[in-house]
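**Student:** Following this message is one structure expressed as structure tokens.
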Amino acid sequence: MAQKKPTQPETAASPRPQEQEAPAVPPAAPATGPVHVAWCIDVQGQGAAQFCDQLYVSVKSVRDTKRPEDEVVAHVCYAHVSVELMERLHALDADGFKVVTRHITDQDLAYWQQFTKHDPRSAARPWGGIVFARIWLPLLLPNVDRCVYLDADTMCRAPIAELAATNLDGKWLGMNLGSVPEYGYNSGVMVMDLKAMREDNTLYQRLGEFMAQYTRSFHCPDQTTINRFFADRIADIPREWNYPPTPGAADPEMMKARLWHFYNGHQKPYRIAADDFGRALVLWNNLLAEEK
Ligand SMILES: [Mn+2]
């Protein structure tokens with residue numbers, strides 16, 4: 001019996017009835033490399049110690065919730081940090097989890113800083129130029145095609161790979177509408193298509209022009225810039241990936257949420273001695289306390 005060419009498809013005219021057999025091996029999963037997560041920080045001055053703890057817990061929470069099969073690279077892009085914080089972060093390295101630190105120059109910081117000057121009549125609090133670094137991640141991480149950006153005041157409670165795999169439907173940024181809708185999409189948790197952003201080779205020129213014209217008057221400089229400038233490039237991600245925990249409450253939605261972001265008001269997480277400060281803060285402190 002003559003052999004069929006390997007490329008010839010089976011047809012209904014085949015002498016044997018078609019059998020619907022389950023394939024011996026499941027279809028190959030799409031090629032996946034490491035999952036990249038990025039933070040952008042400048043830790044100096046008042047509140048630095050508390051901020052260090054927040055960053056440490058955020059990075060550690062991503063490590064401790066990762067699936068064994070996932071490889072995660074934690075990129076900490078920093079302007080000024082202590083050697084002690086570096087040591088604490090690098091001590092988090094584990095199987096399939098690597099901390100990479102990347103220095104942000106004073107020159108870049110000074111460029112961003114010029115866009116944070118506010119109208120002196122405004123009560124808006126001053127912001128550091130570092131808040132804009134997240135928008136420049138396509139250039140800060142030139143070899144990374146997609147990443148999840150996280151603020152330091154976050155605590156991951158589910159595998160970050162699942163957030164990283166979000167279908168952005170051709171958009172550049174996956175974000176959740178914050179709890180104060182007039183402030184727009186919250187910029188503390190973003191899935192970013194860095195490759196698509198890099199491929200737009202006039203992006204940063206146009207962005208610089210936009211920021212020079214508008215950003216100094218924004219109350220939330222980076223967030224409002226992102227909401228306005230990238231308005232048609234934002235895809236929705238579910239609230240469960242950027243959930244503001246309610247202090248003191250036994251909120252069932254909060255306990256189901258996959259990533260907490262302490263962005264409501266001034267309720268940032270901090271070291272506590274007692275355990276009556278609400279579930280989210282207690283769990284945050286538990287993670288801080290286990291230095292391993
Ligand atoms: Mn935040």
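All residue names refer to the structure tokens as shown: chains lettered A, B, ... in order, residues numbered from 1 in each chain, ligands numbered from 1 in order.
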Restrict the calculation to only C-alpha atoms and all ligand atoms, then for each residue of chain A with any atom at most 9 Å from an atom of ligand 1 give the closest atom pair and their distance in Å to one decimal, rows by chain and rising residue number, as a tab-separated table.

**Tutor:**
residue	atom	partner	partner_atom_place_in_ligand_line	distance
A:Leu150	CA	ligand 1	1 (Mn)	8.1
A:Asp151	CA	ligand 1	1 (Mn)	5.0
A:Ala152	CA	ligand 1	1 (Mn)	6.5
A:Asp153	CA	ligand 1	1 (Mn)	5.0
A:Thr154	CA	ligand 1	1 (Mn)	6.8
A:Asn186	CA	ligand 1	1 (Mn)	8.5
A:Ser187	CA	ligand 1	1 (Mn)	7.8
A:Gly188	CA	ligand 1	1 (Mn)	4.9
A:Val189	CA	ligand 1	1 (Mn)	8.2
A:His261	CA	ligand 1	1 (Mn)	6.2
A:Phe262	CA	ligand 1	1 (Mn)	6.2
A:Tyr263	CA	ligand 1	1 (Mn)	5.0
A:Asn264	CA	ligand 1	1 (Mn)	8.7
A:Lys268	CA	ligand 1	1 (Mn)	8.5

**Student:** Could you list, as a list of chain:residue names, every residue within 7 Å of range 129-132 of chain A, counting only C-alpha atoms and ignoring same-chain residues fewer than 5 positions away?

**Tutor:**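 That gives A:Cys40, A:Ile41, A:Asp42, A:Leu109, A:Ala110, A:Trp112, A:Gln113, A:Thr116, A:Asp222.
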
**Student:** Could those selected residues go to a file with all heavy atoms, as a tab-separated table (two decimals), in the first residue's frame?

**Tutor:**
chain	number	residue	atom	x	y	z
A	40	CYS	N	9.88	50.68	40.89
A	40	CYS	CA	10.74	51.85	40.67
A	40	CYS	C	10.74	52.67	41.96
A	40	CYS	O	9.68	53.16	42.38
A	40	CYS	CB	10.20	52.71	39.53
A	40	CYS	SG	10.12	51.82	37.95
A	41	ILE	N	11.91	52.81	42.58
A	41	ILE	CA	11.92	53.39	43.92
A	41	ILE	C	13.06	54.39	44.10
A	41	ILE	O	14.09	54.33	43.43
A	41	ILE	CB	12.08	52.28	44.99
A	41	ILE	CG1	13.34	51.44	44.70
A	41	ILE	CG2	10.85	51.40	45.01
A	41	ILE	CD1	13.85	50.70	45.88
A	42	ASP	N	12.82	55.30	45.02
A	42	ASP	CA	13.83	56.28	45.43
A	42	ASP	C	13.64	56.41	46.94
A	42	ASP	O	12.69	57.03	47.38
A	42	ASP	CB	13.59	57.61	44.71
A	42	ASP	CG	14.65	58.65	45.05
A	42	ASP	OD1	15.61	58.33	45.77
A	42	ASP	OD2	14.50	59.80	44.59
A	109	LEU	N	16.41	61.26	36.92
A	109	LEU	CA	15.57	61.74	38.01
A	109	LEU	C	15.31	63.25	37.88
A	109	LEU	O	14.18	63.72	38.06
A	109	LEU	CB	16.28	61.45	39.34
A	109	LEU	CG	15.42	61.06	40.53
A	109	LEU	CD1	14.47	59.93	40.22
A	109	LEU	CD2	16.33	60.70	41.70
A	110	ALA	N	16.35	64.00	37.51
A	110	ALA	CA	16.21	65.44	37.36
A	110	ALA	C	15.30	65.78	36.18
A	110	ALA	O	14.50	66.72	36.24
A	110	ALA	CB	17.58	66.08	37.16
A	112	TRP	N	12.75	63.96	35.16
A	112	TRP	CA	11.36	63.72	35.60
A	112	TRP	C	10.93	64.75	36.64
A	112	TRP	O	9.78	65.16	36.67
A	112	TRP	CB	11.22	62.30	36.16
A	112	TRP	CG	11.43	61.24	35.14
A	112	TRP	CD1	11.00	61.26	33.85
A	112	TRP	CD2	12.11	59.99	35.32
A	112	TRP	NE1	11.37	60.10	33.21
A	112	TRP	CE2	12.05	59.31	34.09
A	112	TRP	CE3	12.77	59.38	36.40
A	112	TRP	CZ2	12.61	58.05	33.91
A	112	TRP	CZ3	13.32	58.13	36.23
A	112	TRP	CH2	13.26	57.47	34.99
A	113	GLN	N	11.87	65.14	37.47
A	113	GLN	CA	11.53	66.04	38.59
A	113	GLN	C	10.92	67.36	38.09
A	113	GLN	O	10.03	67.92	38.71
A	113	GLN	CB	12.78	66.34	39.43
A	113	GLN	CG	12.50	67.04	40.76
A	113	GLN	CD	11.78	66.14	41.75
A	113	GLN	OE1	12.21	65.01	42.01
A	113	GLN	NE2	10.66	66.60	42.28
A	116	THR	N	7.11	67.76	38.15
A	116	THR	CA	6.33	67.59	39.38
A	116	THR	C	6.09	68.91	40.10
A	116	THR	O	5.51	68.93	41.16
A	116	THR	CB	7.02	66.64	40.37
A	116	THR	OG1	8.23	67.26	40.82
A	116	THR	CG2	7.33	65.30	39.74
A	222	ASP	N	1.98	61.20	37.81
A	222	ASP	CA	2.17	60.08	36.87
A	222	ASP	C	0.84	59.47	36.47
A	222	ASP	O	0.60	59.14	35.31
A	222	ASP	CB	3.07	59.00	37.50
A	222	ASP	CG	2.42	58.37	38.71
A	222	ASP	OD1	2.34	59.04	39.76
A	222	ASP	OD2	1.95	57.22	38.60

**Student:** Counting only C-alpha atoms, what is within 6 Å of range 79-91 of chain A, bar same-chain residues fewer than 4 positions away, as a ChimeraX atom specification?

**Tutor:** /A:42-43,99,103-104

**Student:** Apply DSSP to the backbone of this structure and, from range 172-236 of chain A, keep only the residues in strand (DSSP E or B); write these as a list of chain:residue names.

**Tutor:** A:Leu173, A:Gly174, A:Met175, A:Asn176, A:Leu177, A:Tyr185, A:Asn186, A:Ser187, A:Gly188, A:Val189, A:Met190, A:Val191, A:Met192, A:Asp193, A:Ile234, A:Ala235, A:Asp236

**Student:** Please provide the set of residues having any atom within 12 Å of Ala196 in chain A, restricted to only C-alpha atoms, with same-chain residues fewer than 2 positions apart removed, written as a CSV table (one decimal) with all heavy atoms, in the first residue's frame.

**Tutor:**
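For reference, result_32.csv as written:
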chain,number,residue,atom,x,y,z
A,137,LEU,N,9.7,52.4,31.8
A,137,LEU,CA,10.2,51.0,31.9
A,137,LEU,C,10.5,50.3,30.5
A,137,LEU,O,11.5,49.5,30.5
A,137,LEU,CB,9.2,50.1,32.6
A,137,LEU,CG,9.2,50.3,34.2
A,137,LEU,CD1,8.0,49.6,34.8
A,137,LEU,CD2,10.5,49.6,34.7
A,138,PRO,N,9.9,50.7,29.4
A,138,PRO,CA,10.3,50.1,28.2
A,138,PRO,C,11.8,50.4,27.9
A,138,PRO,O,12.5,49.6,27.3
A,138,PRO,CB,9.4,50.8,27.1
A,138,PRO,CG,8.2,51.1,27.9
A,138,PRO,CD,8.6,51.5,29.3
A,139,LEU,N,12.3,51.5,28.3
A,139,LEU,CA,13.7,51.9,28.1
A,139,LEU,C,14.6,51.4,29.2
A,139,LEU,O,15.8,51.1,29.0
A,139,LEU,CB,13.9,53.4,27.9
A,139,LEU,CG,13.0,54.0,26.8
A,139,LEU,CD1,13.3,55.5,26.6
A,139,LEU,CD2,13.1,53.3,25.5
A,142,PRO,N,15.4,47.2,28.6
A,142,PRO,CA,15.4,47.1,27.1
A,142,PRO,C,15.2,45.7,26.6
A,142,PRO,O,14.8,45.5,25.5
A,142,PRO,CB,16.7,47.8,26.7
A,142,PRO,CG,17.6,47.7,27.9
A,142,PRO,CD,16.7,47.7,29.1
A,144,VAL,N,13.3,43.4,28.0
A,144,VAL,CA,12.1,42.7,28.5
A,144,VAL,C,10.9,43.2,27.7
A,144,VAL,O,10.7,44.4,27.4
A,144,VAL,CB,11.9,43.2,30.0
A,144,VAL,CG1,10.5,42.6,30.5
A,144,VAL,CG2,13.0,42.7,30.9
A,145,ASP,N,10.1,42.2,27.2
A,145,ASP,CA,9.0,42.6,26.3
A,145,ASP,C,7.7,42.9,27.0
A,145,ASP,O,6.8,43.6,26.6
A,145,ASP,CB,8.7,41.4,25.3
A,145,ASP,CG,9.8,41.4,24.3
A,145,ASP,OD1,10.6,42.4,24.1
A,145,ASP,OD2,9.9,40.3,23.6
A,146,ARG,N,7.5,42.3,28.2
A,146,ARG,CA,6.3,42.5,29.0
A,146,ARG,C,6.6,42.4,30.4
A,146,ARG,O,7.4,41.6,30.9
A,146,ARG,CB,5.3,41.4,28.6
A,146,ARG,CG,4.0,41.4,29.5
A,146,ARG,CD,3.1,40.3,29.1
A,146,ARG,NE,2.2,40.7,28.1
A,146,ARG,CZ,0.9,40.7,28.1
A,146,ARG,NH1,0.2,40.3,29.2
A,146,ARG,NH2,0.1,41.1,27.1
A,147,CYS,N,6.0,43.3,31.2
A,147,CYS,CA,6.2,43.2,32.7
A,147,CYS,C,5.0,43.6,33.4
A,147,CYS,O,4.1,44.2,32.9
A,147,CYS,CB,7.4,44.0,33.1
A,147,CYS,SG,7.1,45.8,33.3
A,168,LEU,N,-4.1,41.8,26.8
A,168,LEU,CA,-4.3,43.2,26.7
A,168,LEU,C,-5.1,43.6,25.5
A,168,LEU,O,-5.3,44.8,25.3
A,168,LEU,CB,-3.0,43.9,26.8
A,168,LEU,CG,-2.2,43.8,28.1
A,168,LEU,CD1,-0.9,44.6,28.0
A,168,LEU,CD2,-3.0,44.2,29.3
A,170,GLY,N,-4.3,44.0,22.4
A,170,GLY,CA,-3.6,45.0,21.6
A,170,GLY,C,-3.4,46.4,22.3
A,170,GLY,O,-2.7,47.2,21.7
A,171,LYS,N,-3.8,46.5,23.6
A,171,LYS,CA,-3.5,47.7,24.3
A,171,LYS,C,-2.1,47.6,24.9
A,171,LYS,O,-1.5,46.6,24.9
A,171,LYS,CB,-4.6,48.0,25.4
A,171,LYS,CG,-6.0,47.9,25.0
A,171,LYS,CD,-6.5,49.2,24.3
A,171,LYS,CE,-8.0,49.2,24.1
A,171,LYS,NZ,-8.5,50.3,23.3
A,172,TRP,N,-1.6,48.7,25.4
A,172,TRP,CA,-0.3,48.7,26.0
A,172,TRP,C,-0.2,48.5,27.5
A,172,TRP,O,0.7,48.0,28.0
A,172,TRP,CB,0.4,50.1,25.7
A,172,TRP,CG,0.7,50.3,24.3
A,172,TRP,CD1,0.6,49.4,23.2
A,172,TRP,CD2,1.2,51.5,23.7
A,172,TRP,NE1,1.0,49.9,22.1
A,172,TRP,CE2,1.4,51.2,22.3
A,172,TRP,CE3,1.5,52.8,24.2
A,172,TRP,CZ2,1.9,52.2,21.4
A,172,TRP,CZ3,2.0,53.7,23.3
A,172,TRP,CH2,2.2,53.4,21.9
A,173,LEU,N,-1.3,49.0,28.2
A,173,LEU,CA,-1.3,49.0,29.6
A,173,LEU,C,-2.6,48.3,30.2
A,173,LEU,O,-3.7,48.6,29.7
A,173,LEU,CB,-1.2,50.4,30.2
A,173,LEU,CG,0.0,51.3,29.7
A,173,LEU,CD1,-0.3,52.7,30.1
A,173,LEU,CD2,1.2,50.7,30.3
A,192,MET,N,2.3,45.7,31.5
A,192,MET,CA,2.8,46.6,30.5
A,192,MET,C,3.4,45.9,29.3
A,192,MET,O,4.2,45.0,29.4
A,192,MET,CB,3.9,47.5,31.0
A,192,MET,CG,3.5,48.3,32.3
A,192,MET,SD,4.8,49.4,33.0
A,192,MET,CE,5.0,50.6,31.7
A,193,ASP,N,2.9,46.2,28.1
A,193,ASP,CA,3.5,45.7,26.8
A,193,ASP,C,4.7,46.6,26.5
A,193,ASP,O,4.6,47.5,25.7
A,193,ASP,CB,2.5,45.6,25.7
A,193,ASP,CG,3.0,44.9,24.5
A,193,ASP,OD1,4.2,44.8,24.3
A,193,ASP,OD2,2.2,44.5,23.7
A,194,LEU,N,5.9,46.3,27.0
A,194,LEU,CA,7.0,47.2,26.8
A,194,LEU,C,7.5,47.2,25.4
A,194,LEU,O,7.9,48.2,24.9
A,194,LEU,CB,8.2,46.7,27.7
A,194,LEU,CG,7.9,46.6,29.2
A,194,LEU,CD1,9.1,46.1,30.0
A,194,LEU,CD2,7.4,47.9,29.8
A,198,ARG,N,8.0,50.4,23.0
A,198,ARG,CA,9.3,50.7,22.4
A,198,ARG,C,9.2,50.8,20.8
A,198,ARG,O,10.0,51.6,20.2
A,198,ARG,CB,10.3,49.5,22.7
A,198,ARG,CG,11.1,49.7,23.9
A,198,ARG,CD,12.3,48.8,24.0
A,198,ARG,NE,11.9,47.4,23.9
A,198,ARG,CZ,11.6,46.6,24.9
A,198,ARG,NH1,11.7,47.1,26.2
A,198,ARG,NH2,11.2,45.4,24.8
A,199,GLU,N,8.3,50.1,20.3
A,199,GLU,CA,8.2,50.1,18.8
A,199,GLU,C,7.6,51.4,18.3
A,199,GLU,O,7.7,51.7,17.1
A,199,GLU,CB,7.4,48.9,18.3
A,199,GLU,CG,8.2,47.6,18.3
A,199,GLU,CD,7.4,46.4,18.1
A,199,GLU,OE1,6.2,46.4,18.0
A,199,GLU,OE2,8.0,45.3,18.0
A,200,ASP,N,7.0,52.2,19.1
A,200,ASP,CA,6.5,53.5,18.8
A,200,ASP,C,7.7,54.5,19.0
A,200,ASP,O,8.0,54.9,20.1
A,200,ASP,CB,5.3,53.9,19.6
A,200,ASP,CG,4.8,55.3,19.3
A,200,ASP,OD1,5.6,56.1,18.6
A,200,ASP,OD2,3.7,55.6,19.6
A,201,ASN,N,8.4,54.8,17.9
A,201,ASN,CA,9.7,55.5,18.1
A,201,ASN,C,9.5,57.0,18.3
A,201,ASN,O,10.5,57.7,18.4
A,201,ASN,CB,10.7,55.1,17.0
A,201,ASN,CG,10.2,55.4,15.6
A,201,ASN,OD1,9.2,56.1,15.5
A,201,ASN,ND2,10.7,54.7,14.7
A,203,LEU,N,7.2,57.9,20.7
A,203,LEU,CA,6.4,58.0,21.9
A,203,LEU,C,7.0,58.9,23.0
A,203,LEU,O,6.3,59.8,23.5
A,203,LEU,CB,6.4,56.6,22.5
A,203,LEU,CG,5.8,56.4,23.9
A,203,LEU,CD1,4.3,56.9,23.9
A,203,LEU,CD2,5.9,55.0,24.4
A,233,ARG,N,-5.0,53.5,25.1
A,233,ARG,CA,-4.1,52.3,25.2
A,233,ARG,C,-4.2,51.5,26.4
A,233,ARG,O,-3.3,50.7,26.7
A,233,ARG,CB,-2.6,52.9,25.1
A,233,ARG,CG,-2.3,53.7,23.9
A,233,ARG,CD,-2.2,52.8,22.6
A,233,ARG,NE,-1.6,53.6,21.5
A,233,ARG,CZ,-1.4,53.0,20.3
A,233,ARG,NH1,-1.7,51.7,20.2
A,233,ARG,NH2,-0.9,53.7,19.4

**Student:** Closest to Leu141 in chain A among A:Arg279, A:His75, A:Lys256, A:Arg67, using only C-alpha atoms?

**Tutor:**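 Smallest separation from Leu141 in chain A among the options: A:His75.
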
**Student:** From the set A:Asp106, A:Cys52, A:Val57, A:Leu140, which residue has the shortest atom-to-atom contact distance to Cys77 in chain A, counting only C-alpha atoms?

**Tutor:**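 Comparing A:Asp106, A:Cys52, A:Val57, A:Leu140 against Cys77 in chain A, the winner is A:Leu140.
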
**Student:** Name all residues at most 10 Å from Tyr270 in chain A (count only C-alpha atoms; drop same-chain ones fewer than 2 positions away) and give them as JSON, numbers by chain.

**Tutor:** {"A": [49, 50, 51, 53, 54, 153, 267, 268, 272, 273, 281, 282, 284, 285, 288]}

**Student:** What would the file look like if the residues just selected were written as a short mmCIF file (atom, residue, chain, number, x, y, z; two decimals), in the first residue's frame with all heavy atoms?

**Tutor:**
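Now in selection11.cif:
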data_model
loop_
_atom_site.label_atom_id
_atom_site.label_comp_id
_atom_site.auth_asym_id
_atom_site.auth_seq_id
_atom_site.Cartn_x
_atom_site.Cartn_y
_atom_site.Cartn_z
N ALA A 49 12.53 54.31 56.16
CA ALA A 49 12.54 52.98 56.78
C ALA A 49 11.22 52.25 56.52
O ALA A 49 11.20 51.06 56.18
CB ALA A 49 12.78 53.11 58.29
N GLN A 50 10.13 53.00 56.64
CA GLN A 50 8.82 52.40 56.39
C GLN A 50 8.69 51.99 54.92
O GLN A 50 8.16 50.93 54.60
CB GLN A 50 7.74 53.42 56.76
CG GLN A 50 6.34 52.85 56.72
CD GLN A 50 5.31 53.90 57.14
OE1 GLN A 50 5.59 54.77 57.96
NE2 GLN A 50 4.14 53.82 56.55
N PHE A 51 9.21 52.82 54.05
CA PHE A 51 9.14 52.52 52.62
C PHE A 51 9.96 51.26 52.30
O PHE A 51 9.55 50.43 51.49
CB PHE A 51 9.64 53.72 51.80
CG PHE A 51 9.37 53.58 50.34
CD1 PHE A 51 8.20 54.05 49.79
CD2 PHE A 51 10.30 52.96 49.51
CE1 PHE A 51 7.93 53.91 48.43
CE2 PHE A 51 10.05 52.82 48.15
CZ PHE A 51 8.87 53.29 47.61
N ASP A 53 10.49 48.72 54.25
CA ASP A 53 9.68 47.56 54.66
C ASP A 53 8.60 47.26 53.64
O ASP A 53 8.33 46.10 53.32
CB ASP A 53 9.02 47.83 56.02
CG ASP A 53 10.01 47.75 57.18
OD1 ASP A 53 11.12 47.21 56.98
OD2 ASP A 53 9.66 48.22 58.28
N GLN A 54 7.97 48.31 53.11
CA GLN A 54 6.91 48.09 52.12
C GLN A 54 7.45 47.42 50.87
O GLN A 54 6.87 46.45 50.37
CB GLN A 54 6.24 49.43 51.77
CG GLN A 54 5.42 50.00 52.91
CD GLN A 54 4.96 51.43 52.66
OE1 GLN A 54 5.09 51.94 51.56
NE2 GLN A 54 4.44 52.07 53.68
N ASP A 153 3.78 49.73 47.88
CA ASP A 153 2.73 49.52 48.90
C ASP A 153 1.72 48.49 48.42
O ASP A 153 0.51 48.69 48.53
CB ASP A 153 2.06 50.85 49.27
CG ASP A 153 1.47 51.58 48.07
OD1 ASP A 153 1.83 51.23 46.92
OD2 ASP A 153 0.65 52.50 48.27
N GLN A 267 -3.41 55.23 54.65
CA GLN A 267 -3.28 53.97 55.37
C GLN A 267 -2.25 53.07 54.72
O GLN A 267 -2.57 52.03 54.15
CB GLN A 267 -4.65 53.30 55.47
CG GLN A 267 -5.56 54.05 56.42
CD GLN A 267 -6.95 54.25 55.84
OE1 GLN A 267 -7.22 53.85 54.71
NE2 GLN A 267 -7.82 54.86 56.61
N LYS A 268 -0.99 53.48 54.78
CA LYS A 268 0.10 52.65 54.26
C LYS A 268 0.47 51.62 55.32
O LYS A 268 0.38 51.88 56.52
CB LYS A 268 1.32 53.51 53.94
CG LYS A 268 1.06 54.59 52.91
CD LYS A 268 0.73 54.01 51.56
CE LYS A 268 0.42 55.11 50.54
NZ LYS A 268 -0.22 54.56 49.33
N ILE A 272 3.74 46.81 63.17
CA ILE A 272 2.88 46.94 64.35
C ILE A 272 3.32 45.95 65.41
O ILE A 272 3.94 44.93 65.12
CB ILE A 272 1.40 46.66 64.01
CG1 ILE A 272 1.23 45.32 63.29
CG2 ILE A 272 0.81 47.80 63.20
CD1 ILE A 272 -0.21 44.90 63.09
N ALA A 273 2.97 46.28 66.64
CA ALA A 273 3.30 45.40 67.76
C ALA A 273 2.09 44.58 68.17
O ALA A 273 2.21 43.44 68.60
CB ALA A 273 3.81 46.22 68.93
N LEU A 281 -3.45 44.35 57.45
CA LEU A 281 -2.21 44.85 58.06
C LEU A 281 -1.52 43.75 58.87
O LEU A 281 -0.29 43.64 58.86
CB LEU A 281 -2.52 46.06 58.94
CG LEU A 281 -1.30 46.81 59.48
CD1 LEU A 281 -0.39 47.27 58.35
CD2 LEU A 281 -1.74 48.01 60.32
N VAL A 282 -2.31 42.92 59.54
CA VAL A 282 -1.72 41.81 60.31
C VAL A 282 -0.99 40.85 59.36
O VAL A 282 0.14 40.44 59.61
CB VAL A 282 -2.80 41.06 61.12
CG1 VAL A 282 -2.26 39.76 61.68
CG2 VAL A 282 -3.33 41.96 62.23
N TRP A 284 0.17 41.53 56.40
CA TRP A 284 1.35 42.24 55.87
C TRP A 284 2.49 42.16 56.88
O TRP A 284 3.64 41.87 56.53
CB TRP A 284 0.97 43.70 55.57
CG TRP A 284 2.09 44.50 54.98
CD1 TRP A 284 2.37 44.66 53.65
CD2 TRP A 284 3.09 45.26 55.69
NE1 TRP A 284 3.48 45.47 53.49
CE2 TRP A 284 3.93 45.85 54.72
CE3 TRP A 284 3.33 45.50 57.04
CZ2 TRP A 284 5.01 46.66 55.07
CZ3 TRP A 284 4.41 46.31 57.39
CH2 TRP A 284 5.24 46.89 56.41
N ASN A 285 2.18 42.38 58.15
CA ASN A 285 3.21 42.33 59.19
C ASN A 285 3.77 40.92 59.37
O ASN A 285 4.96 40.76 59.64
CB ASN A 285 2.66 42.85 60.51
CG ASN A 285 2.97 44.32 60.68
OD1 ASN A 285 4.00 44.69 61.22
ND2 ASN A 285 2.09 45.18 60.17
N LEU A 288 6.35 40.51 56.80
CA LEU A 288 7.54 41.30 57.15
C LEU A 288 8.36 40.60 58.23
O LEU A 288 9.60 40.61 58.18
CB LEU A 288 7.08 42.68 57.64
CG LEU A 288 8.19 43.63 58.13
CD1 LEU A 288 9.10 44.02 56.97
CD2 LEU A 288 7.56 44.89 58.76
#

**Student:** Using only C-alpha atoms, determine which residues lie at most 8 Å from Val191 in chain A, disregarding the query and same-chain residues fewer than 6 positions distant; provide the list as a PyMOL selection string.

**Tutor:** chain A and resi 146-149+163-164+166+173-175

**Student:** Take the residues just selected and output them with N, CA and C atoms as a CSV table (one decimal), in the first residue's frame.

**Tutor:**
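Done, and the output landed in selection34.csv:
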chain,number,residue,atom,x,y,z
A,146,ARG,N,7.5,42.3,28.2
A,146,ARG,CA,6.3,42.5,29.0
A,146,ARG,C,6.6,42.4,30.4
A,147,CYS,N,6.0,43.3,31.2
A,147,CYS,CA,6.2,43.2,32.7
A,147,CYS,C,5.0,43.6,33.4
A,148,VAL,N,5.0,43.3,34.7
A,148,VAL,CA,4.0,43.8,35.6
A,148,VAL,C,4.7,44.8,36.5
A,149,TYR,N,4.2,46.1,36.5
A,149,TYR,CA,4.8,47.1,37.4
A,149,TYR,C,4.0,47.0,38.7
A,163,LEU,N,-1.4,37.3,36.5
A,163,LEU,CA,-1.7,38.7,36.1
A,163,LEU,C,-0.9,39.0,34.8
A,164,ALA,N,0.4,38.5,34.8
A,164,ALA,CA,1.3,38.9,33.7
A,164,ALA,C,0.7,38.3,32.4
A,166,THR,N,-2.3,38.3,31.4
A,166,THR,CA,-3.5,39.0,31.0
A,166,THR,C,-3.5,39.4,29.5
A,173,LEU,N,-1.3,49.0,28.2
A,173,LEU,CA,-1.3,49.0,29.6
A,173,LEU,C,-2.6,48.3,30.2
A,174,GLY,N,-2.4,47.3,31.1
A,174,GLY,CA,-3.5,46.8,31.8
A,174,GLY,C,-3.6,47.4,33.2
A,175,MET,N,-4.8,48.1,33.4
A,175,MET,CA,-4.9,48.8,34.7
A,175,MET,C,-6.3,48.6,35.2

**Student:** Would you mind telling me which residue in A:Ala165, A:Ile226, A:Ala74, A:Ala289 lies nearest to Leu207 in chain A when using only C-alpha atoms?

**Tutor:**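 Checking each of A:Ala165, A:Ile226, A:Ala74, A:Ala289 against Leu207 in chain A, counting only C-alpha atoms, the winner is A:Ile226.
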
**Student:** As an MDAnalysis selection string, list the residues of range 190-233 of chain A assigned to alpha helix (DSSP H) by DSSP on the backbone atoms of this structure.

**Tutor:** chainID A and resid 194:199 203:214 221:229

**Student:** Using only C-alpha atoms, pick whichever of A:Glu290, A:Glu71, A:Asp236, A:Asp64 has the shortest atom-to-atom distance to Gly184 in chain A.

**Tutor:**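 Among the listed residues, the smallest separation from Gly184 in chain A belongs to A:Asp236.
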
**Student:** A:Gly45, A:Gly208, A:Pro221, A:Pro68: which is nearest Trp127 in chain A, counting only C-alpha atoms?

**Tutor:**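 Using only C-alpha atoms, the shortest distance to Trp127 in chain A belongs to A:Pro221.
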
**Student:** Of the candidates A:Glu240, A:Phe115, A:His36, A:Glu291, which one gets nearest to His219 in chain A if we count only C-alpha atoms?

**Tutor:**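 Of all the options, A:Phe115 lies closest to His219 in chain A.
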